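> Data file data.cif (mmCIF, C-alpha atoms) is appended below.
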```
data_protein
loop_
_atom_site.group_PDB
_atom_site.id
_atom_site.type_symbol
_atom_site.label_atom_id
_atom_site.label_comp_id
_atom_site.auth_asym_id
_atom_site.auth_seq_id
_atom_site.Cartn_x
_atom_site.Cartn_y
_atom_site.Cartn_z
ATOM 1 C CA MET A 952 209.021 30.641 -18.344
ATOM 2 C CA LYS A 953 207.787 29.825 -14.844
ATOM 3 C CA LEU A 954 205.257 27.133 -13.979
ATOM 4 C CA HIS A 955 202.989 27.194 -10.903
ATOM 5 C CA ARG A 956 200.634 24.437 -9.737
ATOM 6 C CA LEU A 957 197.371 25.977 -8.502
ATOM 7 C CA THR A 958 195.390 22.914 -7.346
ATOM 8 C CA THR A 959 196.393 19.640 -5.731
ATOM 9 C CA ASP A 960 193.114 17.736 -5.351
ATOM 10 C CA GLY A 961 193.756 15.646 -8.469
ATOM 11 C CA ARG A 962 190.065 15.409 -9.431
ATOM 12 C CA ALA A 963 189.245 15.132 -13.149
ATOM 13 C CA LYS A 964 188.732 18.617 -14.607
ATOM 14 C CA ARG A 965 187.980 20.274 -17.944
ATOM 15 C CA ASP A 966 186.827 23.537 -19.598
ATOM 16 C CA LEU A 967 189.183 25.991 -17.887
ATOM 17 C CA ILE A 968 188.580 29.758 -18.340
ATOM 18 C CA PHE A 969 189.670 32.974 -16.645
ATOM 19 C CA ALA A 970 187.131 35.346 -15.109
ATOM 20 C CA PRO A 971 187.085 38.651 -17.069
ATOM 21 C CA ASP A 972 189.030 40.569 -14.404
ATOM 22 C CA GLY A 973 191.633 37.805 -14.126
ATOM 23 C CA ASP A 974 191.145 37.264 -10.385
ATOM 24 C CA ALA A 975 189.734 33.726 -10.645
ATOM 25 C CA LEU A 976 189.555 30.626 -12.805
ATOM 26 C CA LEU A 977 186.430 28.630 -13.617
ATOM 27 C CA PHE A 978 186.401 24.969 -14.606
ATOM 28 C CA ALA A 979 184.214 21.882 -14.686
ATOM 29 C CA ARG A 980 185.029 19.092 -12.224
ATOM 30 C CA GLN A 981 183.883 15.477 -12.188
ATOM 31 C CA GLU A 982 182.026 14.892 -8.915
ATOM 32 C CA THR A 983 180.647 11.408 -9.564
ATOM 33 C CA ALA A 984 180.327 9.137 -12.584
ATOM 34 C CA GLU A 985 177.040 10.922 -13.378
ATOM 35 C CA LEU A 986 177.677 14.508 -12.215
ATOM 36 C CA ILE A 987 179.981 17.302 -13.442
ATOM 37 C CA SER A 988 179.786 20.675 -11.693
ATOM 38 C CA LEU A 989 181.294 24.132 -12.197
ATOM 39 C CA TRP A 990 183.914 25.440 -9.766
ATOM 40 C CA LYS A 991 185.583 28.804 -9.157
ATOM 41 C CA LEU A 992 189.190 29.103 -7.967
ATOM 42 C CA PRO A 993 190.330 32.525 -6.573
ATOM 43 C CA LEU A 994 193.907 33.332 -7.582
ATOM 44 C CA ALA A 995 194.555 35.392 -4.459
ATOM 45 C CA GLY A 996 194.343 32.226 -2.369
ATOM 46 C CA GLY A 997 191.702 30.089 -0.743
ATOM 47 C CA PRO A 998 189.911 26.945 -1.846
ATOM 48 C CA ALA A 999 187.860 26.426 -4.978
ATOM 49 C CA THR A 1000 184.093 26.606 -4.427
ATOM 50 C CA ARG A 1001 181.028 25.469 -6.361
ATOM 51 C CA TRP A 1002 179.913 28.202 -8.774
ATOM 52 C CA HIS A 1003 176.285 27.040 -8.615
ATOM 53 C CA PRO A 1004 175.983 25.296 -5.214
ATOM 54 C CA ALA A 1005 172.326 24.370 -5.716
ATOM 55 C CA ALA A 1006 172.791 22.772 -9.149
ATOM 56 C CA SER A 1007 171.747 19.120 -9.199
ATOM 57 C CA THR A 1008 172.406 18.391 -12.891
ATOM 58 C CA THR A 1009 175.637 18.286 -14.869
ATOM 59 C CA GLU A 1010 177.012 21.690 -15.904
ATOM 60 C CA LEU A 1011 180.092 22.141 -18.060
ATOM 61 C CA GLU A 1012 181.836 24.354 -20.631
ATOM 62 C CA PRO A 1013 181.388 27.782 -18.982
ATOM 63 C CA ALA A 1014 181.854 31.067 -20.865
ATOM 64 C CA LEU A 1015 181.867 34.658 -19.610
ATOM 65 C CA SER A 1016 181.510 37.863 -21.612
ATOM 66 C CA ARG A 1017 184.475 40.214 -21.340
ATOM 67 C CA ASP A 1018 182.424 42.905 -19.584
ATOM 68 C CA GLY A 1019 181.206 40.383 -16.998
ATOM 69 C CA ARG A 1020 177.522 40.895 -17.838
ATOM 70 C CA PHE A 1021 176.781 37.463 -19.305
ATOM 71 C CA ALA A 1022 177.602 33.859 -18.543
ATOM 72 C CA ALA A 1023 176.811 30.763 -20.559
ATOM 73 C CA TRP A 1024 177.233 27.071 -19.921
ATOM 74 C CA VAL A 1025 176.034 23.715 -21.202
ATOM 75 C CA GLN A 1026 173.563 21.906 -18.963
ATOM 76 C CA SER A 1027 172.651 18.233 -19.170
ATOM 77 C CA ARG A 1028 169.069 17.302 -18.346
ATOM 78 C CA GLY A 1029 169.280 13.636 -19.190
ATOM 79 C CA ASN A 1030 170.686 11.227 -21.742
ATOM 80 C CA LEU A 1031 171.413 13.058 -25.029
ATOM 81 C CA SER A 1032 169.589 16.160 -23.784
ATOM 82 C CA LEU A 1033 171.815 19.240 -23.580
ATOM 83 C CA LYS A 1034 170.688 22.850 -23.210
ATOM 84 C CA LEU A 1035 172.646 26.078 -23.512
ATOM 85 C CA ILE A 1036 171.951 28.397 -20.569
ATOM 86 C CA ILE A 1037 172.699 32.118 -21.041
ATOM 87 C CA GLU A 1038 172.443 34.265 -17.916
ATOM 88 C CA HIS A 1039 172.388 38.057 -17.562
ATOM 89 C CA LEU A 1040 174.398 38.148 -14.343
ATOM 90 C CA PRO A 1041 173.284 41.537 -12.896
ATOM 91 C CA ASP A 1042 169.701 40.321 -12.437
ATOM 92 C CA ALA A 1043 170.165 36.513 -12.760
ATOM 93 C CA ARG A 1044 167.787 36.470 -15.749
ATOM 94 C CA GLN A 1045 168.286 33.276 -17.765
ATOM 95 C CA ALA A 1046 167.529 32.292 -21.344
ATOM 96 C CA THR A 1047 167.663 28.695 -22.584
ATOM 97 C CA PHE A 1048 168.496 27.426 -26.041
ATOM 98 C CA ASP A 1049 166.980 23.957 -26.407
ATOM 99 C CA PRO A 1050 167.898 22.174 -29.663
ATOM 100 C CA GLY A 1051 165.700 19.189 -28.820
ATOM 101 C CA GLY A 1052 166.533 15.643 -27.811
ATOM 102 C CA GLY A 1053 169.531 13.795 -29.185
ATOM 103 C CA PHE A 1054 171.874 16.800 -29.406
ATOM 104 C CA ALA A 1055 174.703 15.535 -27.225
ATOM 105 C CA GLY A 1056 177.251 17.333 -29.400
ATOM 106 C CA MET A 1057 176.310 20.903 -28.384
ATOM 107 C CA ARG A 1058 179.559 22.382 -27.131
ATOM 108 C CA THR A 1059 181.991 25.220 -26.364
ATOM 109 C CA PRO A 1060 180.120 28.547 -26.076
ATOM 110 C CA THR A 1061 182.076 31.806 -26.376
ATOM 111 C CA PHE A 1062 180.991 35.453 -26.371
ATOM 112 C CA ALA A 1063 181.763 38.186 -28.877
ATOM 113 C CA PRO A 1064 183.960 40.878 -27.275
ATOM 114 C CA ASP A 1065 180.993 43.276 -26.969
ATOM 115 C CA GLY A 1066 178.712 40.566 -25.532
ATOM 116 C CA SER A 1067 176.244 40.915 -28.392
ATOM 117 C CA ARG A 1068 176.413 37.287 -29.564
ATOM 118 C CA VAL A 1069 177.291 33.873 -28.192
ATOM 119 C CA VAL A 1070 178.789 31.338 -30.599
ATOM 120 C CA PHE A 1071 178.879 27.582 -29.989
ATOM 121 C CA SER A 1072 179.078 24.246 -31.797
ATOM 122 C CA LEU A 1073 175.886 22.362 -32.695
ATOM 123 C CA PRO A 1074 175.060 19.280 -34.800
ATOM 124 C CA CYS A 1075 172.992 20.489 -37.754
ATOM 125 C CA ARG A 1076 173.028 20.453 -41.560
ATOM 126 C CA GLY A 1077 175.936 18.487 -42.993
ATOM 127 C CA GLY A 1078 177.869 18.098 -39.755
ATOM 128 C CA GLN A 1079 178.626 19.955 -36.555
ATOM 129 C CA GLN A 1080 178.527 23.695 -37.249
ATOM 130 C CA LEU A 1081 179.292 26.954 -35.486
ATOM 131 C CA VAL A 1082 176.051 28.704 -34.539
ATOM 132 C CA SER A 1083 175.441 32.238 -33.246
ATOM 133 C CA LEU A 1084 172.694 33.489 -30.910
ATOM 134 C CA ALA A 1085 171.764 36.744 -29.203
ATOM 135 C CA PRO A 1086 172.102 36.635 -25.394
ATOM 136 C CA ASP A 1087 168.336 36.098 -25.090
ATOM 137 C CA ALA A 1088 168.775 32.849 -27.101
ATOM 138 C CA SER A 1089 167.071 34.317 -30.178
ATOM 139 C CA GLY A 1090 168.298 35.030 -33.703
ATOM 140 C CA ARG A 1091 170.008 31.741 -34.532
ATOM 141 C CA VAL A 1092 172.513 32.019 -37.402
ATOM 142 C CA GLU A 1093 174.661 29.184 -38.746
ATOM 143 C CA LEU A 1094 178.186 30.476 -39.377
ATOM 144 C CA THR A 1095 179.707 27.397 -41.028
ATOM 145 C CA ALA A 1096 178.339 24.872 -43.503
ATOM 146 C CA SER A 1097 181.144 22.391 -44.063
ATOM 147 C CA ALA A 1098 181.173 18.649 -43.637
ATOM 148 C CA GLY A 1099 182.697 17.250 -40.468
ATOM 149 C CA ILE A 1100 183.080 18.874 -37.054
ATOM 150 C CA ASN A 1101 183.460 22.617 -36.462
ATOM 151 C CA THR A 1102 184.003 23.428 -32.795
ATOM 152 C CA HIS A 1103 186.077 25.279 -30.131
ATOM 153 C CA PRO A 1104 185.272 28.838 -31.328
ATOM 154 C CA ASP A 1105 187.121 31.823 -29.830
ATOM 155 C CA PHE A 1106 186.691 35.472 -30.877
ATOM 156 C CA SER A 1107 189.734 37.608 -31.597
ATOM 157 C CA PRO A 1108 189.974 40.626 -29.243
ATOM 158 C CA ASP A 1109 188.835 42.996 -32.017
ATOM 159 C CA GLY A 1110 185.833 40.787 -32.786
ATOM 160 C CA GLN A 1111 186.765 40.438 -36.466
ATOM 161 C CA GLN A 1112 187.745 36.755 -36.512
ATOM 162 C CA ILE A 1113 186.754 33.515 -34.830
ATOM 163 C CA ALA A 1114 189.467 30.903 -34.377
ATOM 164 C CA PHE A 1115 188.062 27.368 -34.342
ATOM 165 C CA THR A 1116 188.806 23.671 -34.825
ATOM 166 C CA SER A 1117 187.544 21.874 -37.927
ATOM 167 C CA THR A 1118 187.772 18.400 -39.467
ATOM 168 C CA ARG A 1119 186.641 19.636 -42.896
ATOM 169 C CA THR A 1120 189.785 18.187 -44.513
ATOM 170 C CA GLY A 1121 189.707 14.948 -42.504
ATOM 171 C CA ASP A 1122 191.936 15.927 -39.568
ATOM 172 C CA TYR A 1123 191.478 18.310 -36.646
ATOM 173 C CA GLU A 1124 193.133 21.593 -37.684
ATOM 174 C CA ILE A 1125 192.893 25.267 -36.652
ATOM 175 C CA TYR A 1126 191.130 27.818 -38.873
ATOM 176 C CA THR A 1127 190.028 31.446 -38.534
ATOM 177 C CA LEU A 1128 186.573 32.520 -39.685
ATOM 178 C CA PRO A 1129 186.219 36.172 -40.803
ATOM 179 C CA VAL A 1130 183.142 37.602 -39.071
ATOM 180 C CA ALA A 1131 182.489 39.786 -42.143
ATOM 181 C CA GLY A 1132 182.279 36.645 -44.312
ATOM 182 C CA GLY A 1133 184.567 34.692 -46.603
ATOM 183 C CA ASP A 1134 186.424 31.414 -46.602
ATOM 184 C CA PRO A 1135 188.271 30.566 -43.363
ATOM 185 C CA PRO A 1136 192.040 30.297 -43.833
ATOM 186 C CA ARG A 1137 193.717 27.230 -42.383
ATOM 187 C CA LEU A 1138 196.391 27.975 -39.769
ATOM 188 C CA THR A 1139 197.790 24.529 -38.910
ATOM 189 C CA THR A 1140 198.810 21.441 -40.862
ATOM 190 C CA SER A 1141 199.960 18.464 -38.846
ATOM 191 C CA PRO A 1142 199.323 14.699 -38.754
ATOM 192 C CA GLY A 1143 198.031 14.940 -35.160
ATOM 193 C CA MET A 1144 194.979 16.754 -33.831
ATOM 194 C CA ASP A 1145 195.184 20.538 -33.333
ATOM 195 C CA LEU A 1146 192.453 21.734 -30.958
ATOM 196 C CA ARG A 1147 191.059 24.501 -28.743
ATOM 197 C CA PRO A 1148 192.637 27.692 -30.169
ATOM 198 C CA ARG A 1149 192.667 30.696 -27.817
ATOM 199 C CA TRP A 1150 193.613 34.253 -28.793
ATOM 200 C CA SER A 1151 196.127 36.192 -26.732
ATOM 201 C CA PRO A 1152 194.724 39.440 -25.255
ATOM 202 C CA ASP A 1153 196.623 41.526 -27.831
ATOM 203 C CA GLY A 1154 195.371 39.401 -30.753
ATOM 204 C CA ARG A 1155 198.892 38.670 -31.991
ATOM 205 C CA GLN A 1156 199.138 35.011 -30.953
ATOM 206 C CA LEU A 1157 197.092 31.854 -30.555
ATOM 207 C CA ALA A 1158 197.575 29.142 -27.977
ATOM 208 C CA PHE A 1159 196.246 25.713 -28.871
ATOM 209 C CA VAL A 1160 196.511 22.025 -28.008
ATOM 210 C CA SER A 1161 198.214 19.610 -30.382
ATOM 211 C CA HIS A 1162 198.808 15.868 -30.516
ATOM 212 C CA ARG A 1163 201.331 16.212 -33.363
ATOM 213 C CA ASP A 1164 204.168 14.818 -31.244
ATOM 214 C CA GLY A 1165 202.177 11.852 -29.955
ATOM 215 C CA ASN A 1166 201.078 13.570 -26.738
ATOM 216 C CA TYR A 1167 198.728 16.461 -25.933
ATOM 217 C CA GLU A 1168 200.887 19.578 -25.523
ATOM 218 C CA LEU A 1169 200.311 23.339 -25.458
ATOM 219 C CA TYR A 1170 201.565 25.236 -28.498
ATOM 220 C CA LEU A 1171 201.914 28.923 -29.302
ATOM 221 C CA THR A 1172 201.811 30.439 -32.801
ATOM 222 C CA ASP A 1173 201.309 33.857 -34.368
ATOM 223 C CA ALA A 1174 197.924 34.895 -35.739
ATOM 224 C CA GLU A 1175 198.748 33.416 -39.171
ATOM 225 C CA GLY A 1176 199.862 30.040 -37.824
ATOM 226 C CA HIS A 1177 203.581 30.520 -38.443
ATOM 227 C CA ASP A 1178 206.306 28.706 -36.486
ATOM 228 C CA PRO A 1179 204.295 26.937 -33.746
ATOM 229 C CA VAL A 1180 206.277 26.410 -30.539
ATOM 230 C CA ASN A 1181 205.735 23.610 -28.005
ATOM 231 C CA LEU A 1182 205.348 25.314 -24.604
ATOM 232 C CA THR A 1183 204.989 22.349 -22.272
ATOM 233 C CA ARG A 1184 207.145 19.429 -23.487
ATOM 234 C CA HIS A 1185 205.907 17.019 -20.841
ATOM 235 C CA PRO A 1186 205.072 13.296 -21.210
ATOM 236 C CA ASP A 1187 201.661 13.710 -19.546
ATOM 237 C CA ARG A 1188 198.632 15.400 -21.089
ATOM 238 C CA ASP A 1189 198.421 19.234 -21.054
ATOM 239 C CA ASP A 1190 195.118 20.708 -22.255
ATOM 240 C CA PHE A 1191 192.472 23.472 -22.092
ATOM 241 C CA PRO A 1192 194.699 26.589 -22.316
ATOM 242 C CA THR A 1193 193.222 29.951 -21.312
ATOM 243 C CA TRP A 1194 194.879 33.385 -21.361
ATOM 244 C CA HIS A 1195 194.966 35.783 -18.449
ATOM 245 C CA PRO A 1196 193.080 38.884 -19.706
ATOM 246 C CA ARG A 1197 195.995 41.257 -18.959
ATOM 247 C CA GLU A 1198 199.158 39.310 -18.127
ATOM 248 C CA ARG A 1199 201.464 37.145 -20.262
ATOM 249 C CA GLN A 1200 200.154 34.048 -18.544
ATOM 250 C CA LEU A 1201 198.436 30.863 -19.670
ATOM 251 C CA ALA A 1202 196.489 28.658 -17.295
ATOM 252 C CA PHE A 1203 195.905 25.056 -18.349
ATOM 253 C CA LEU A 1204 194.905 21.629 -17.074
ATOM 254 C CA SER A 1205 197.480 18.868 -16.818
ATOM 255 C CA GLU A 1206 197.374 15.183 -15.927
ATOM 256 C CA ARG A 1207 200.900 15.183 -14.517
ATOM 257 C CA ASP A 1208 201.719 12.525 -11.939
ATOM 258 C CA GLY A 1209 198.434 10.759 -12.717
ATOM 259 C CA GLN A 1210 196.308 13.625 -11.376
ATOM 260 C CA SER A 1211 194.280 16.360 -13.084
ATOM 261 C CA ASP A 1212 195.138 19.820 -11.760
ATOM 262 C CA VAL A 1213 195.320 23.486 -12.728
ATOM 263 C CA TYR A 1214 198.675 25.031 -13.640
ATOM 264 C CA LEU A 1215 199.736 28.575 -14.502
ATOM 265 C CA LEU A 1216 202.525 29.235 -17.010
ATOM 266 C CA GLU A 1217 204.214 32.645 -16.972
ATOM 267 C CA LEU A 1218 205.525 33.398 -20.475
ATOM 268 C CA ASP A 1219 208.723 35.303 -21.158
#
```
Spell out the structure here as structure tokens.

Amino acid sequence: MKLHRLTTDGRAKRDLIFAPDGDALLFARQETAELISLWKLPLAGGPATRWHPAASTTELEPALSRDGRFAAWVQSRGNLSLKLIIEHLPDARQATFDPGGGFAGMRTPTFAPDGSRVVFSLPCRGGQQLVSLAPDASGRVELTASAGINTHPDFSPDGQQIAFTSTRTGDYEIYTLPVAGGDPPRLTTSPGMDLRPRWSPDGRQLAFVSHRDGNYELYLTDAEGHDPVNLTRHPDRDDFPTWHPRERQLAFLSERDGQSDVYLLELD
């Protein structure tokens, strides 16, 4: 495996994703104590730039559909007031899902492979559930109904499963939700938190973050959760893995050397 450091500014970052064509990375960056903005980093070289230069409110947790038609992100419009913005990129037409005041837990949007639905995490009946919407912010459907927190959804490449994090058994573990219905099988069992599962482009593996060894590390497992392997093995925090859409590469955020920067790991 080869590791490349892609940024050196050291600013606090989160929510890393690849653009659908793999030529850029998007992430949220802390600008001030009150403002988080979205940035785009071209992989061919050159500096990162603001994705929405005119934005004056906090924006975080970006998502892009695989065909590049839709984008979604969480927007803060005040204390405990979060909205989900869904934009049809060809004509900049936007739809807004507004759950009402007090919903600070709305998080982690992701698109179905065909762009027909966006799934995210929302506080509602019994806990924090996975919720599905059409790209025009209509047709709300609750996909989970368990106690605790259900979050970090990610569709498998064939669109048949959603990997996600859940605390339904008291600890943060990884599950997969069959889109056709049925109970979600549990993929991980560890005393530390397992978070942010991300499917490989071929659907055969999942990358995720785990605190099972006392530090946040990147792990890789097969689609059934067998034989997880620690990829990073570093004393500082490694987090927010995202797969290149075509290459055997994982980008992630790391707090190595006391700074938060973007790294790229080439897998064997």
> In the coordinates of the file, take the point (196.3, 35.2, -33.0) and a cut-off of 7 Å; then, counting only C-alpha atoms, name each qualifying protein, DNA or RNA residue as a PyMOL selection string.
chain A and resi 1150-1151+1154-1157+1173-1175
> Given the file shown, enumerate the residues that the PyMOL selection byres ((chain A and resi 1069-1085) around 7) captures and present them as a PyMOL selection string.
chain A and resi 1054+1056-1063+1067-1068+1086-1102+1104
> So that I can check the surroundings of segment 973-984 of chain A, please list as a PyMOL selection string every protein, DNA and RNA residue that reaches within 7 Å of it, counting only C-alpha atoms and ignoring chain neighbours fewer than 3 positions away.
chain A and resi 962-970+987-994+1011-1012+1195-1196
> Would you mind listing what lies within 9 Å of segment 1147-1149 of chain A as a list in words, with all atoms listed in the file counted and same-chain residues fewer than 5 positions away left out?
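The residues satisfying every condition are Thr1102, His1103, Pro1104, Asp1105, Phe1106, Ser1107, Ala1114, Phe1115, Thr1116, Ile1125, Tyr1126, Gln1156, Leu1157, Ala1158, Phe1159, Val1160, Ser1161, Asp1190, Phe1191, Pro1192, Thr1193 and Trp1194 of chain A.
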> Report the distance between atom CA of Trp1024 of chain A and atom CA of Ala1005 of chain A in Å, rounded to one decimal place.
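Here the two named atoms are 15.3 Å from each other.
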> What does the distance from atom CA of Leu1182 of chain A to atom CA of Leu1201 of chain A come to in Å, to one decimal?
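These atoms are spaced 10.1 Å apart.
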> In Å, how far is it from atom CA of His1162 of chain A to atom CA of Arg1017 of chain A?
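Distance reported for this atom pair: 29.7 Å.
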> With only C-alpha atoms as the atoms that count, which of A:Arg1028, A:Arg1163, A:Lys953, A:His1177 lies nearest to Ala1202 of chain A?
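Under the stated criterion, the closest residue is A:Lys953.
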> Show me as JSON, numbers by chain the residues that reach within 8 Å of (202.0, 10.2, -18.9), counting all atoms listed in the file and using the file's own coordinates.
{"A": [1186, 1187, 1188, 1206, 1207, 1208, 1209]}
> Just the selected residues (C-alpha atoms), exported as an mmCIF file, in the frame of the given file, please.

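part-v3.cif, freshly written:
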```cif
data_model
loop_
_atom_site.group_PDB
_atom_site.id
_atom_site.type_symbol
_atom_site.label_atom_id
_atom_site.label_comp_id
_atom_site.auth_asym_id
_atom_site.auth_seq_id
_atom_site.Cartn_x
_atom_site.Cartn_y
_atom_site.Cartn_z
ATOM 1 C CA PRO A 1186 205.072 13.296 -21.210
ATOM 2 C CA ASP A 1187 201.661 13.710 -19.546
ATOM 3 C CA ARG A 1188 198.632 15.400 -21.089
ATOM 4 C CA GLU A 1206 197.374 15.183 -15.927
ATOM 5 C CA ARG A 1207 200.900 15.183 -14.517
ATOM 6 C CA ASP A 1208 201.719 12.525 -11.939
ATOM 7 C CA GLY A 1209 198.434 10.759 -12.717
#
```
> Do you know which residues the PyMOL selection byres ((chain A and resi 1110) around 9) returns on this file, as a PDB file with C-alpha atoms, in the frame of the given file?

```pdb
ATOM      1  CA  ALA A1063     181.763  38.186 -28.877  1.00  0.00           C
ATOM      2  CA  PRO A1064     183.960  40.878 -27.275  1.00  0.00           C
ATOM      3  CA  ASP A1065     180.993  43.276 -26.969  1.00  0.00           C
ATOM      4  CA  PHE A1106     186.691  35.472 -30.877  1.00  0.00           C
ATOM      5  CA  SER A1107     189.734  37.608 -31.597  1.00  0.00           C
ATOM      6  CA  PRO A1108     189.974  40.626 -29.243  1.00  0.00           C
ATOM      7  CA  ASP A1109     188.835  42.996 -32.017  1.00  0.00           C
ATOM      8  CA  GLN A1111     186.765  40.438 -36.466  1.00  0.00           C
ATOM      9  CA  GLN A1112     187.745  36.755 -36.512  1.00  0.00           C
ATOM     10  CA  ILE A1113     186.754  33.515 -34.830  1.00  0.00           C
ATOM     11  CA  VAL A1130     183.142  37.602 -39.071  1.00  0.00           C
TER      12      VAL A1130
END
```
> Using all atoms listed in the file, can you tell me which of A:Ala1022, A:Asp1122, A:Tyr1167, A:Ser1117 comes closest to Pro1135 of chain A?
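Under the stated criterion, the closest residue is A:Ser1117.
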> Please expand the PyMOL selection byres ((chain A and resi 1009) around 6) into the concrete residues it hits in this file, giving the result as a list in words.
Leu986, Ile987, Ser988, Thr1008, Glu1010, Gln1026 and Ser1027 of chain A
> Counting all atoms listed in the file, which of A:Val1213, A:Ala1023, A:Met952, A:Leu1218 gets nearest to Arg1199 of chain A?
A:Leu1218
> I'd like to know which of A:Gly1066, A:Gly1176, A:Pro1152, A:Gly997 is closest to Arg1137 of chain A, using all atoms listed in the file.
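Nearest to Arg1137 of chain A: A:Gly1176.
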> Go through A:Tyr1123, A:Leu1138, A:Leu957, A:Pro1129 and flag the residue nearest Ala995 of chain A, using all atoms listed in the file for the distances.
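The answer is A:Leu957, which sits nearest to Ala995 of chain A.
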> With all atoms listed in the file as the counted atoms, please give the residues lying no more than 9 Å from Asp960 of chain A, apart from itself and same-chain residues fewer than 3 positions off, as a list of chain:residue names.
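Near Asp960 of chain A, the qualifying residues are A:Gln1210, A:Ser1211, A:Asp1212.
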> Could you please take those selected residues and save C-alpha atoms as a JSON list (two decimals), keeping the file's coordinate frame?

```json
[["chain", "number", "residue", "atom", "x", "y", "z"],
["A", 1210, "GLN", "CA", 196.31, 13.62, -11.38],
["A", 1211, "SER", "CA", 194.28, 16.36, -13.08],
["A", 1212, "ASP", "CA", 195.14, 19.82, -11.76]]
```
